[in-house]
Amino acid sequence: MSQKRFRIISYVCAIMLLVSGCSYSLPDIENHLIEDSFSPEATVYRTFYASEVVSLNYLTSDSDVDCGISVNVIDALVDYDEHGNIIPGLATGWESNDDLTQWTFHLRDDIVWVNYNGEYYANITADDWVCSYEYANSSISKDVSISSVVAKNTKTLVYTLNEPCPFFTSILSYSCFLPVCRSYLEKTGSMFARDYKHLLYNGAYILHYFQPFEQQILVKNPKYWDKDKVYIDRIENYFDYDAASVSTERYLKGTVDRAIVPSDKLTAYLDNPEISEHIHRARPDNTISTFYAFNFYPRFDPKYEPENWAKAVANQNFRKAIKASIDRITLLSIYEPYTPEILLNNTLTPRGAFYYDGLDYTSLPELKEIASRDSYSLAAASYYRKIARKELREEGVTFPIKILMPYNPSVEGWGKEADKIATQIEAAMGRNFVDVIVEPASSTGFDMSVIHSGKYALIKCSTSSAYYDPQTFVKPLLNDSDYIFWDKCDDPNVHALNKEWNNRIQKASNTTSDLSLRYSTFAQAEKLVISHAIIIPFSIMNGDGYEMCKLNEFEGEFAHYSFISKRYKLHRLHDKSMNLDEYNKAFEEWLQGF
C-alpha cells in the first residue's frame, strides 16, 4: 500500500472514531487530578505504534490491538503473576461446587471506578458483572455455557454453568467477563466507549488521553487497589505508520524506550558492538501452534488431480514419507536466523503451554518421546517412500502425485518457506514421485477461501490457546472445524483413526474432576494424530523477534493464553535494554519458576 493511500485511510478512520462529536485537546497537565504521573520525577515509558485501536468497548472487542489498551485499564476477577499462576484480582477468593458448574467469587472492599481524570465515580459491586453479562451475552465465550450470573449481594458473585468447566477461572480475563458500571452504562447509552472520556476505569492505568492516529497516554490509576505494584507512572504511545522502520533509530537517539529490530537490519546491528549491547530476543509466543495439514477431502481445481490426491493422502506411509522429508530447522531459520530450534514444535500442544503437578504437558508419558525427537530423517523418508509407492500403485494412484500447496502472500516469509519445503519434499521423494505445486492465494479471506474450502493438498495452519487446558489446541481437528476434513475420507483406516481420536477427545472433555486423567487422555489423542501423520507439527510463533526494550518482560504478568502479557503492571523501567547474554540468563531463570 502506498504511503499516500495509507494516510488517506488513516484520516478517514480517525474521523470515524471521532464521530461522537466530542472535542479533543491535549491533556490539561497543570490542572488535572493525577499530577504525580506528570511530575518531573515521574517514570515514563515511550513507544511507537503503527496499528490503531478500532474500538474502546472492551465488552465487545477482543482484537489484539484493542486489548492492548483494555487489558491495562480494566481489571478482572482474577490476576496473574510472572509465571502464569492465577491469583486474586478484583476477587479475593473463589470456590466451586463439586461438579464445577457453580463458581462463587468474593469481591474486595477497596475497588472503585474512576473517570479519565482519576476522579472517583462509584464502588465496584457484584452487579457490575451481571450488567456486563446482560450487555455482552452474545459475545460470551463459546468454550463455556453459562446458565446465569447472579449478585447474591454487593460483594458476592455467582456464575452458574450448564456444564462442568475445570478451566473456568482461566477465561475470566476475556472481554465478555469484565465488569461494567450499570449506572454509568445507562447514563452514557450509545456514547459508551466512543472515546476515552466515555469510559470508566478500574485497572492499573487510566487512558487519560487518546487522539487516534496521534497519541495515547496512559497514567497510573491513583485509586487502584494494587497501586504499590505499578512502577511506571505514565505510558506515552505515539502513532507512526513507519514505526517498524524508524523505531530502532529513535531508540538509539533516546526518543523511545522500545523498538522491534527489522529483520533486514538485524545482522548489521548485531555486528555493531555498541548497538548489539541493546538487542535481545523477545520471548517466543507459545500461545500459537502451527502445523502442516493434509487435506483428506480435496475440492481444488481438476488440473491438480484431486481424486488422485485423495487416494494418495489416505496412505499412511505416504504421509509419513512427507513428514520425514521436512527439515523444519532450516525452514524456521527464515524467521529466526540464529537459534531457529527455539521455535521448533514437535507436538500440537507447544512445550511450556501447560503444567500439571510441576510437569510440562508435553513431558507426559504419552507425548515425551514425540516431543523430544525431530521427525526429519531422510532415511525414514526413503523407507516410507518405498513402501508407499508399492501400495499406491496397487491403489491405482498415478505418478508424480501433484501436491497443491497454497500460501498467504501477505504473511512475511511464508512464500520463501513454501518454496523451500517444496524443494525438500521433492528432493527426498523424487520428482518422478511427487510434484509440489506452490501457489500464492489471495490474502483476503485466505482461511475461508483456501483452508475452509478445501482448496489445498498440504498447507500450514495454526491453532491457539484460549484458556488453560489441552482442549484448547484441538479445535482444528474436530469434525466440524473445516480444516483437514478427515471425517469425510472414505478410506476405512483413516475413518477408524478419526473415530478413535474423537472417542478419546470426548472422554477427555467429559473428564472434569480428575485432571491427571483428563490431561493424559488428551495426550493420547494428540499422540494418535502425530504418530499416524494426520498432521505434521511445525512451530510456535516468533513473537516480536529481536528488540531493544528497557522493560524486562520476565518481570511482568504472564499467561499462556489471552492478552495478559500486554500489561504494564509489575514492570519496571530499566536504564538500558538487555543484550542477548543478559536476556538468555533472565529467560533461564524465569523458566525455573515453572
# chains A, B, ... in the order shown; residues from 1 in each chain; ligands from 1
>>> residues_around(residues="Glu236 in chain A", least_positions_apart="6", cutoff="8 Å", atoms="only C-alpha atoms", output="ChimeraX atom specification")
/A:44-47,215-218
>>> write_last_selection(atoms="N, CA, C and O atoms", output="PDB file, in the first residue's frame")
ATOM      1  N   VAL A  44       8.443   7.420  32.989  1.00  0.00           N
ATOM      2  CA  VAL A  44       7.686   7.478  31.734  1.00  0.00           C
ATOM      3  C   VAL A  44       8.251   6.460  30.732  1.00  0.00           C
ATOM      4  O   VAL A  44       9.460   6.419  30.493  1.00  0.00           O
ATOM      5  N   TYR A  45       7.376   5.674  30.169  1.00  0.00           N
ATOM      6  CA  TYR A  45       7.743   4.684  29.156  1.00  0.00           C
ATOM      7  C   TYR A  45       7.133   5.118  27.832  1.00  0.00           C
ATOM      8  O   TYR A  45       5.927   5.385  27.737  1.00  0.00           O
ATOM      9  N   ARG A  46       7.954   5.196  26.783  1.00  0.00           N
ATOM     10  CA  ARG A  46       7.520   5.743  25.496  1.00  0.00           C
ATOM     11  C   ARG A  46       7.717   4.727  24.368  1.00  0.00           C
ATOM     12  O   ARG A  46       8.766   4.079  24.294  1.00  0.00           O
ATOM     13  N   THR A  47       6.716   4.613  23.504  1.00  0.00           N
ATOM     14  CA  THR A  47       6.807   3.695  22.367  1.00  0.00           C
ATOM     15  C   THR A  47       6.188   4.327  21.121  1.00  0.00           C
ATOM     16  O   THR A  47       5.433   5.299  21.198  1.00  0.00           O
ATOM     17  N   GLN A 215      -1.703   9.959  19.371  1.00  0.00           N
ATOM     18  CA  GLN A 215      -1.077   9.644  20.655  1.00  0.00           C
ATOM     19  C   GLN A 215      -2.055   8.994  21.625  1.00  0.00           C
ATOM     20  O   GLN A 215      -3.254   9.284  21.629  1.00  0.00           O
ATOM     21  N   GLN A 216      -1.516   8.098  22.428  1.00  0.00           N
ATOM     22  CA  GLN A 216      -2.239   7.508  23.559  1.00  0.00           C
ATOM     23  C   GLN A 216      -1.419   7.789  24.818  1.00  0.00           C
ATOM     24  O   GLN A 216      -0.199   7.587  24.815  1.00  0.00           O
ATOM     25  N   ILE A 217      -2.080   8.250  25.876  1.00  0.00           N
ATOM     26  CA  ILE A 217      -1.390   8.461  27.147  1.00  0.00           C
ATOM     27  C   ILE A 217      -2.126   7.701  28.241  1.00  0.00           C
ATOM     28  O   ILE A 217      -3.310   7.942  28.503  1.00  0.00           O
ATOM     29  N   LEU A 218      -1.442   6.742  28.839  1.00  0.00           N
ATOM     30  CA  LEU A 218      -1.980   6.021  29.981  1.00  0.00           C
ATOM     31  C   LEU A 218      -1.248   6.477  31.234  1.00  0.00           C
ATOM     32  O   LEU A 218      -0.012   6.612  31.216  1.00  0.00           O
TER      33      LEU A 218
END
>>> residues_around(residues="Tyr184 in chain A", least_positions_apart="2", cutoff="12 Å", atoms="only C-alpha atoms", output="mmCIF file with C-alpha atoms, in the first residue's frame")
data_model
loop_
_atom_site.group_PDB
_atom_site.id
_atom_site.type_symbol
_atom_site.label_atom_id
_atom_site.label_comp_id
_atom_site.auth_asym_id
_atom_site.auth_seq_id
_atom_site.Cartn_x
_atom_site.Cartn_y
_atom_site.Cartn_z
ATOM 1 C CA TRP A 113 -14.476 3.066 39.255
ATOM 2 C CA VAL A 114 -12.786 6.327 38.205
ATOM 3 C CA ASN A 115 -13.083 8.560 35.157
ATOM 4 C CA TYR A 121 -17.281 7.602 40.214
ATOM 5 C CA ALA A 122 -18.656 4.561 42.085
ATOM 6 C CA ASN A 123 -17.752 1.483 44.070
ATOM 7 C CA ILE A 124 -17.410 -1.753 42.145
ATOM 8 C CA ASP A 128 -21.191 -4.884 37.540
ATOM 9 C CA CYS A 131 -24.637 -5.963 33.897
ATOM 10 C CA SER A 132 -21.680 -7.000 31.752
ATOM 11 C CA PRO A 179 -17.271 -5.685 34.701
ATOM 12 C CA VAL A 180 -19.114 -2.505 33.728
ATOM 13 C CA CYS A 181 -20.840 0.014 35.973
ATOM 14 C CA ARG A 182 -24.591 -0.246 35.349
ATOM 15 C CA GLU A 186 -27.289 3.614 31.404
ATOM 16 C CA LYS A 187 -26.186 7.243 31.668
ATOM 17 C CA THR A 188 -23.919 7.225 28.627
ATOM 18 C CA GLY A 189 -26.091 4.964 26.469
ATOM 19 C CA SER A 190 -24.839 4.833 22.882
ATOM 20 C CA MET A 191 -21.928 7.113 23.793
ATOM 21 C CA PHE A 192 -20.391 4.400 25.990
ATOM 22 C CA ALA A 193 -16.777 3.778 24.958
ATOM 23 C CA HIS A 198 -16.848 7.999 27.952
ATOM 24 C CA LEU A 199 -15.305 5.111 29.856
ATOM 25 C CA LEU A 200 -14.770 4.262 33.493
ATOM 26 C CA TYR A 201 -11.563 2.611 34.668
#
>>> residues_around(residues="range 469-485 of chain A", least_positions_apart="4", cutoff="7 Å", atoms="only C-alpha atoms", output="PyMOL selection string")
chain A and resi 167+293-297+349+451-452+463-465+519+522
>>> write_last_selection(atoms="N, CA, C and O atoms", output="PDB file, in the first residue's frame")
ATOM      1  N   PHE A 167     -11.586 -25.368  33.754  1.00  0.00           N
ATOM      2  CA  PHE A 167     -10.681 -24.259  33.437  1.00  0.00           C
ATOM      3  C   PHE A 167     -11.386 -22.899  33.500  1.00  0.00           C
ATOM      4  O   PHE A 167     -10.891 -21.909  32.944  1.00  0.00           O
ATOM      5  N   ALA A 293      -1.042 -29.365   7.541  1.00  0.00           N
ATOM      6  CA  ALA A 293      -2.245 -30.200   7.497  1.00  0.00           C
ATOM      7  C   ALA A 293      -2.398 -30.844   6.129  1.00  0.00           C
ATOM      8  O   ALA A 293      -2.191 -30.198   5.094  1.00  0.00           O
ATOM      9  N   PHE A 294      -2.764 -32.120   6.132  1.00  0.00           N
ATOM     10  CA  PHE A 294      -3.137 -32.828   4.909  1.00  0.00           C
ATOM     11  C   PHE A 294      -4.639 -32.653   4.694  1.00  0.00           C
ATOM     12  O   PHE A 294      -5.417 -32.702   5.657  1.00  0.00           O
ATOM     13  N   ASN A 295      -5.043 -32.483   3.458  1.00  0.00           N
ATOM     14  CA  ASN A 295      -6.464 -32.370   3.134  1.00  0.00           C
ATOM     15  C   ASN A 295      -6.980 -33.718   2.660  1.00  0.00           C
ATOM     16  O   ASN A 295      -6.596 -34.209   1.590  1.00  0.00           O
ATOM     17  N   PHE A 296      -7.883 -34.319   3.441  1.00  0.00           N
ATOM     18  CA  PHE A 296      -8.417 -35.640   3.124  1.00  0.00           C
ATOM     19  C   PHE A 296      -9.697 -35.574   2.284  1.00  0.00           C
ATOM     20  O   PHE A 296     -10.274 -36.613   1.948  1.00  0.00           O
ATOM     21  N   TYR A 297     -10.132 -34.355   1.950  1.00  0.00           N
ATOM     22  CA  TYR A 297     -11.352 -34.184   1.145  1.00  0.00           C
ATOM     23  C   TYR A 297     -11.111 -33.031   0.178  1.00  0.00           C
ATOM     24  O   TYR A 297     -11.691 -31.962   0.316  1.00  0.00           O
ATOM     25  N   THR A 349       0.344 -29.384  20.898  1.00  0.00           N
ATOM     26  CA  THR A 349       0.378 -28.504  22.071  1.00  0.00           C
ATOM     27  C   THR A 349       1.826 -28.097  22.319  1.00  0.00           C
ATOM     28  O   THR A 349       2.689 -28.957  22.484  1.00  0.00           O
ATOM     29  N   ILE A 451      -8.356 -22.663   3.039  1.00  0.00           N
ATOM     30  CA  ILE A 451      -8.342 -23.761   4.012  1.00  0.00           C
ATOM     31  C   ILE A 451      -9.731 -24.348   4.214  1.00  0.00           C
ATOM     32  O   ILE A 451      -9.959 -25.550   4.023  1.00  0.00           O
ATOM     33  N   HIS A 452     -10.687 -23.496   4.597  1.00  0.00           N
ATOM     34  CA  HIS A 452     -12.021 -23.995   4.908  1.00  0.00           C
ATOM     35  C   HIS A 452     -12.776 -24.475   3.658  1.00  0.00           C
ATOM     36  O   HIS A 452     -13.771 -25.193   3.781  1.00  0.00           O
ATOM     37  N   THR A 463      -3.243 -23.060  15.356  1.00  0.00           N
ATOM     38  CA  THR A 463      -4.242 -23.135  16.414  1.00  0.00           C
ATOM     39  C   THR A 463      -3.682 -22.426  17.626  1.00  0.00           C
ATOM     40  O   THR A 463      -2.460 -22.299  17.768  1.00  0.00           O
ATOM     41  N   SER A 464      -4.535 -21.905  18.470  1.00  0.00           N
ATOM     42  CA  SER A 464      -4.048 -21.088  19.583  1.00  0.00           C
ATOM     43  C   SER A 464      -4.763 -21.442  20.875  1.00  0.00           C
ATOM     44  O   SER A 464      -5.841 -22.037  20.872  1.00  0.00           O
ATOM     45  N   SER A 465      -4.143 -21.055  21.978  1.00  0.00           N
ATOM     46  CA  SER A 465      -4.736 -21.336  23.290  1.00  0.00           C
ATOM     47  C   SER A 465      -5.631 -20.183  23.714  1.00  0.00           C
ATOM     48  O   SER A 465      -5.282 -19.016  23.569  1.00  0.00           O
ATOM     49  N   TYR A 519      -5.767 -34.854  31.318  1.00  0.00           N
ATOM     50  CA  TYR A 519      -4.589 -34.466  30.547  1.00  0.00           C
ATOM     51  C   TYR A 519      -3.998 -35.669  29.803  1.00  0.00           C
ATOM     52  O   TYR A 519      -3.604 -35.561  28.638  1.00  0.00           O
ATOM     53  N   PHE A 522      -6.150 -36.511  26.740  1.00  0.00           N
ATOM     54  CA  PHE A 522      -5.894 -35.575  25.644  1.00  0.00           C
ATOM     55  C   PHE A 522      -4.542 -35.884  24.993  1.00  0.00           C
ATOM     56  O   PHE A 522      -4.392 -35.814  23.764  1.00  0.00           O
TER      57      PHE A 522
END
>>> residues_around(residues="range 539-550 of chain A", least_positions_apart="5", cutoff="6 Å", atoms="only C-alpha atoms", output="ChimeraX atom specification")
/A:257-261,278-282,284-286,288-290,343-345,573-574,576-577
>>> residues_around(residues="Gly358 in chain A", least_positions_apart="2", cutoff="12 Å", atoms="only C-alpha atoms", output="PDB file with N, CA, C and O atoms, in the first residue's frame")
ATOM      1  N   GLY A 352       5.677 -26.100  27.240  1.00  0.00           N
ATOM      2  CA  GLY A 352       5.539 -24.973  28.162  1.00  0.00           C
ATOM      3  C   GLY A 352       4.165 -24.340  28.199  1.00  0.00           C
ATOM      4  O   GLY A 352       3.942 -23.378  28.924  1.00  0.00           O
ATOM      5  N   PHE A 354       1.252 -25.851  29.159  1.00  0.00           N
ATOM      6  CA  PHE A 354       0.501 -26.313  30.321  1.00  0.00           C
ATOM      7  C   PHE A 354       1.403 -27.121  31.242  1.00  0.00           C
ATOM      8  O   PHE A 354       2.303 -27.827  30.789  1.00  0.00           O
ATOM      9  N   TYR A 355       1.117 -27.010  32.511  1.00  0.00           N
ATOM     10  CA  TYR A 355       1.825 -27.798  33.508  1.00  0.00           C
ATOM     11  C   TYR A 355       0.793 -28.463  34.416  1.00  0.00           C
ATOM     12  O   TYR A 355      -0.261 -27.894  34.714  1.00  0.00           O
ATOM     13  N   TYR A 356       1.118 -29.660  34.832  1.00  0.00           N
ATOM     14  CA  TYR A 356       0.284 -30.331  35.823  1.00  0.00           C
ATOM     15  C   TYR A 356       1.196 -31.003  36.839  1.00  0.00           C
ATOM     16  O   TYR A 356       2.062 -31.795  36.478  1.00  0.00           O
ATOM     17  N   ASP A 360       5.581 -30.527  32.690  1.00  0.00           N
ATOM     18  CA  ASP A 360       5.132 -29.996  31.408  1.00  0.00           C
ATOM     19  C   ASP A 360       4.227 -31.019  30.715  1.00  0.00           C
ATOM     20  O   ASP A 360       4.521 -32.213  30.700  1.00  0.00           O
ATOM     21  N   TYR A 361       3.138 -30.543  30.133  1.00  0.00           N
ATOM     22  CA  TYR A 361       2.183 -31.426  29.463  1.00  0.00           C
ATOM     23  C   TYR A 361       2.848 -32.297  28.405  1.00  0.00           C
ATOM     24  O   TYR A 361       2.538 -33.489  28.267  1.00  0.00           O
ATOM     25  N   THR A 362       3.782 -31.720  27.638  1.00  0.00           N
ATOM     26  CA  THR A 362       4.436 -32.489  26.580  1.00  0.00           C
ATOM     27  C   THR A 362       5.447 -33.495  27.123  1.00  0.00           C
ATOM     28  O   THR A 362       6.009 -34.279  26.360  1.00  0.00           O
ATOM     29  N   SER A 363       5.676 -33.454  28.450  1.00  0.00           N
ATOM     30  CA  SER A 363       6.551 -34.448  29.081  1.00  0.00           C
ATOM     31  C   SER A 363       5.780 -35.623  29.651  1.00  0.00           C
ATOM     32  O   SER A 363       6.382 -36.536  30.233  1.00  0.00           O
ATOM     33  N   LEU A 364       4.462 -35.612  29.479  1.00  0.00           N
ATOM     34  CA  LEU A 364       3.672 -36.765  29.916  1.00  0.00           C
ATOM     35  C   LEU A 364       4.115 -38.004  29.136  1.00  0.00           C
ATOM     36  O   LEU A 364       4.583 -37.897  27.996  1.00  0.00           O
ATOM     37  N   SER A 516      -5.533 -35.294  36.114  1.00  0.00           N
ATOM     38  CA  SER A 516      -4.480 -36.183  35.652  1.00  0.00           C
ATOM     39  C   SER A 516      -4.983 -37.069  34.523  1.00  0.00           C
ATOM     40  O   SER A 516      -4.322 -37.220  33.477  1.00  0.00           O
ATOM     41  N   LEU A 591      12.307 -19.575  33.478  1.00  0.00           N
ATOM     42  CA  LEU A 591      11.821 -20.934  33.244  1.00  0.00           C
ATOM     43  C   LEU A 591      11.887 -21.797  34.505  1.00  0.00           C
ATOM     44  O   LEU A 591      11.090 -22.729  34.673  1.00  0.00           O
ATOM     45  N   GLN A 592      12.838 -21.482  35.375  1.00  0.00           N
ATOM     46  CA  GLN A 592      12.971 -22.251  36.614  1.00  0.00           C
ATOM     47  C   GLN A 592      11.758 -22.079  37.532  1.00  0.00           C
ATOM     48  O   GLN A 592      11.551 -22.875  38.442  1.00  0.00           O
ATOM     49  N   GLY A 593      10.962 -21.053  37.267  1.00  0.00           N
ATOM     50  CA  GLY A 593       9.810 -20.790  38.127  1.00  0.00           C
ATOM     51  C   GLY A 593       8.604 -21.651  37.837  1.00  0.00           C
ATOM     52  O   GLY A 593       7.595 -21.560  38.551  1.00  0.00           O
ATOM     53  N   PHE A 594       8.666 -22.495  36.811  1.00  0.00           N
ATOM     54  CA  PHE A 594       7.513 -23.337  36.472  1.00  0.00           C
ATOM     55  C   PHE A 594       7.645 -24.717  37.116  1.00  0.00           C
ATOM     56  O   PHE A 594       8.733 -25.207  37.330  1.00  0.00           O
TER      57      PHE A 594
END
>>> select_by_dssp(residues="range 468-574 of chain A", states="strand (DSSP E)", output="list in words")
Ile535, Ile536, Pro537, Phe538, Ser539, Ile540, Met541, Tyr546, Glu547, Met548 and Cys549 of chain A
>>> write_last_selection(atoms="C-alpha atoms", output="mmCIF file, in the first residue's frame")
data_model
loop_
_atom_site.group_PDB
_atom_site.id
_atom_site.type_symbol
_atom_site.label_atom_id
_atom_site.label_comp_id
_atom_site.auth_asym_id
_atom_site.auth_seq_id
_atom_site.Cartn_x
_atom_site.Cartn_y
_atom_site.Cartn_z
ATOM 1 C CA ILE A 535 -0.803 -33.600 10.845
ATOM 2 C CA ILE A 536 2.840 -32.501 10.914
ATOM 3 C CA PRO A 537 3.634 -30.263 13.924
ATOM 4 C CA PHE A 538 5.787 -27.314 12.890
ATOM 5 C CA SER A 539 6.471 -24.423 15.246
ATOM 6 C CA ILE A 540 5.453 -21.882 17.804
ATOM 7 C CA MET A 541 5.469 -18.239 16.744
ATOM 8 C CA TYR A 546 14.527 -9.168 18.254
ATOM 9 C CA GLU A 547 14.026 -5.903 20.073
ATOM 10 C CA MET A 548 15.553 -3.064 22.016
ATOM 11 C CA CYS A 549 13.475 -2.536 25.142
#
>>> residues_around(residues="Pro88 in chain A", least_positions_apart="6", cutoff="9 Å", atoms="only C-alpha atoms", output="PyMOL selection string")
chain A and resi 77-80+94
>>> closest_residue(among="A:Trp309, A:Tyr116, A:Tyr384, A:Phe105", to="His208 in chain A", atoms="only C-alpha atoms")
A:Tyr116
>>> atom_distance(atom1="CA of Gln102 in chain A", atom2="CA of Asn202 in chain A")
25.8 Å
>>> closest_residue(among="A:Arg108, A:Arg393, A:Lys416, A:Lys155", to="Thr125 in chain A", atoms="only C-alpha atoms")
A:Lys155
>>> closest_residue(among="A:Ser61, A:Thr156, A:Asn502, A:Asn221", to="Val112 in chain A", atoms="only C-alpha atoms")
A:Asn221
>>> atom_distance(atom1="CA of Ile421 in chain A", atom2="CA of Thr398 in chain A")
22.2 Å
>>> residues_around(residues="Asn97 in chain A", least_positions_apart="3", cutoff="12 Å", atoms="only C-alpha atoms", output="count of residues only")
14
>>> select_by_dssp(residues="range 221-379 of chain A", states="alpha helix (DSSP H)", output="ChimeraX atom specification")
/A:243-253,263-270,273-276,306-313,316-325,328-332,368-371,378-379
>>> closest_atom_pairs(of="range 359-405 of chain A", to="range 426-437 of chain A", cutoff="6 Å", atoms="only C-alpha atoms", output="Markdown table")
| residue | atom | partner | partner_atom | distance |
| --- | --- | --- | --- | --- |
| A:Phe399 | CA | A:Phe433 | CA | 5.5 |
| A:Pro400 | CA | A:Phe433 | CA | 4.3 |
| A:Ile401 | CA | A:Val434 | CA | 4.5 |
| A:Lys402 | CA | A:Asp435 | CA | 4.8 |
| A:Ile403 | CA | A:Val436 | CA | 4.6 |
| A:Leu404 | CA | A:Ile437 | CA | 4.8 |
| A:Met405 | CA | A:Ile437 | CA | 5.8 |
>>> closest_residue(among="A:Glu557, A:Glu214, A:Asp98, A:Asp66", to="Val53 in chain A", atoms="only C-alpha atoms")
A:Asp66
>>> atom_distance(atom1="CA of Pro350 in chain A", atom2="CA of Phe168 in chain A")
21.1 Å
>>> closest_residue(among="A:Ala441, A:Ile74, A:Ile326, A:Leu580", to="Tyr174 in chain A", atoms="only C-alpha atoms")
A:Ile74
>>> decode(residues="range 493-512 of chain A", atoms="N, CA, C and O atoms", output="compact mmCIF listing (two decimals), in the first residue's frame")
# COMPACT_ATOMS: atom_id res chain seq x y z
N ASN A 493 -9.18 -47.00 7.01
CA ASN A 493 -8.13 -46.79 8.01
C ASN A 493 -8.18 -45.37 8.58
O ASN A 493 -8.07 -45.18 9.79
N VAL A 494 -8.36 -44.39 7.71
CA VAL A 494 -8.48 -43.01 8.16
C VAL A 494 -9.76 -42.84 8.97
O VAL A 494 -9.76 -42.16 10.01
N HIS A 495 -10.83 -43.46 8.50
CA HIS A 495 -12.10 -43.39 9.22
C HIS A 495 -11.96 -43.97 10.64
O HIS A 495 -12.48 -43.39 11.61
N ALA A 496 -11.25 -45.08 10.76
CA ALA A 496 -11.05 -45.72 12.06
C ALA A 496 -10.21 -44.82 12.98
O ALA A 496 -10.50 -44.70 14.19
N LEU A 497 -9.19 -44.18 12.44
CA LEU A 497 -8.36 -43.26 13.23
C LEU A 497 -9.18 -42.07 13.71
O LEU A 497 -9.06 -41.64 14.86
N ASN A 498 -10.00 -41.55 12.82
CA ASN A 498 -10.86 -40.42 13.18
C ASN A 498 -11.82 -40.79 14.31
O ASN A 498 -12.01 -40.02 15.26
N LYS A 499 -12.39 -41.97 14.21
CA LYS A 499 -13.32 -42.43 15.25
C LYS A 499 -12.62 -42.62 16.58
O LYS A 499 -13.11 -42.19 17.63
N GLU A 500 -11.42 -43.22 16.54
CA GLU A 500 -10.66 -43.42 17.78
C GLU A 500 -10.26 -42.09 18.40
O GLU A 500 -10.36 -41.91 19.62
N TRP A 501 -9.82 -41.16 17.57
CA TRP A 501 -9.43 -39.84 18.08
C TRP A 501 -10.62 -39.14 18.73
O TRP A 501 -10.51 -38.58 19.82
N ASN A 502 -11.75 -39.15 18.06
CA ASN A 502 -12.95 -38.50 18.60
C ASN A 502 -13.39 -39.12 19.91
O ASN A 502 -13.82 -38.41 20.83
N ASN A 503 -13.28 -40.43 20.02
CA ASN A 503 -13.65 -41.10 21.27
C ASN A 503 -12.76 -40.64 22.42
O ASN A 503 -13.23 -40.40 23.54
N ARG A 504 -11.46 -40.48 22.14
CA ARG A 504 -10.53 -40.05 23.18
C ARG A 504 -10.77 -38.58 23.55
O ARG A 504 -10.70 -38.21 24.73
N ILE A 505 -11.03 -37.76 22.55
CA ILE A 505 -11.32 -36.34 22.82
C ILE A 505 -12.59 -36.21 23.64
O ILE A 505 -12.66 -35.41 24.60
N GLN A 506 -13.59 -36.98 23.30
CA GLN A 506 -14.85 -36.93 24.04
C GLN A 506 -14.65 -37.39 25.48
O GLN A 506 -15.16 -36.78 26.42
N LYS A 507 -13.88 -38.47 25.66
CA LYS A 507 -13.61 -38.96 27.01
C LYS A 507 -12.84 -37.92 27.82
O LYS A 507 -13.16 -37.66 28.99
N ALA A 508 -11.84 -37.31 27.20
CA ALA A 508 -11.04 -36.30 27.90
C ALA A 508 -11.90 -35.10 28.27
O ALA A 508 -11.82 -34.58 29.39
N SER A 509 -12.73 -34.64 27.34
CA SER A 509 -13.57 -33.47 27.59
C SER A 509 -14.57 -33.73 28.71
O SER A 509 -14.91 -32.82 29.48
N ASN A 510 -15.04 -34.96 28.80
CA ASN A 510 -16.03 -35.31 29.84
C ASN A 510 -15.39 -35.59 31.19
O ASN A 510 -16.10 -35.72 32.19
N THR A 511 -14.07 -35.70 31.21
CA THR A 511 -13.37 -35.93 32.47
C THR A 511 -13.03 -34.58 33.09
O THR A 511 -12.11 -33.89 32.63
N THR A 512 -13.78 -34.17 34.10
CA THR A 512 -13.61 -32.82 34.65
C THR A 512 -13.10 -32.81 36.09
O THR A 512 -12.55 -31.80 36.54
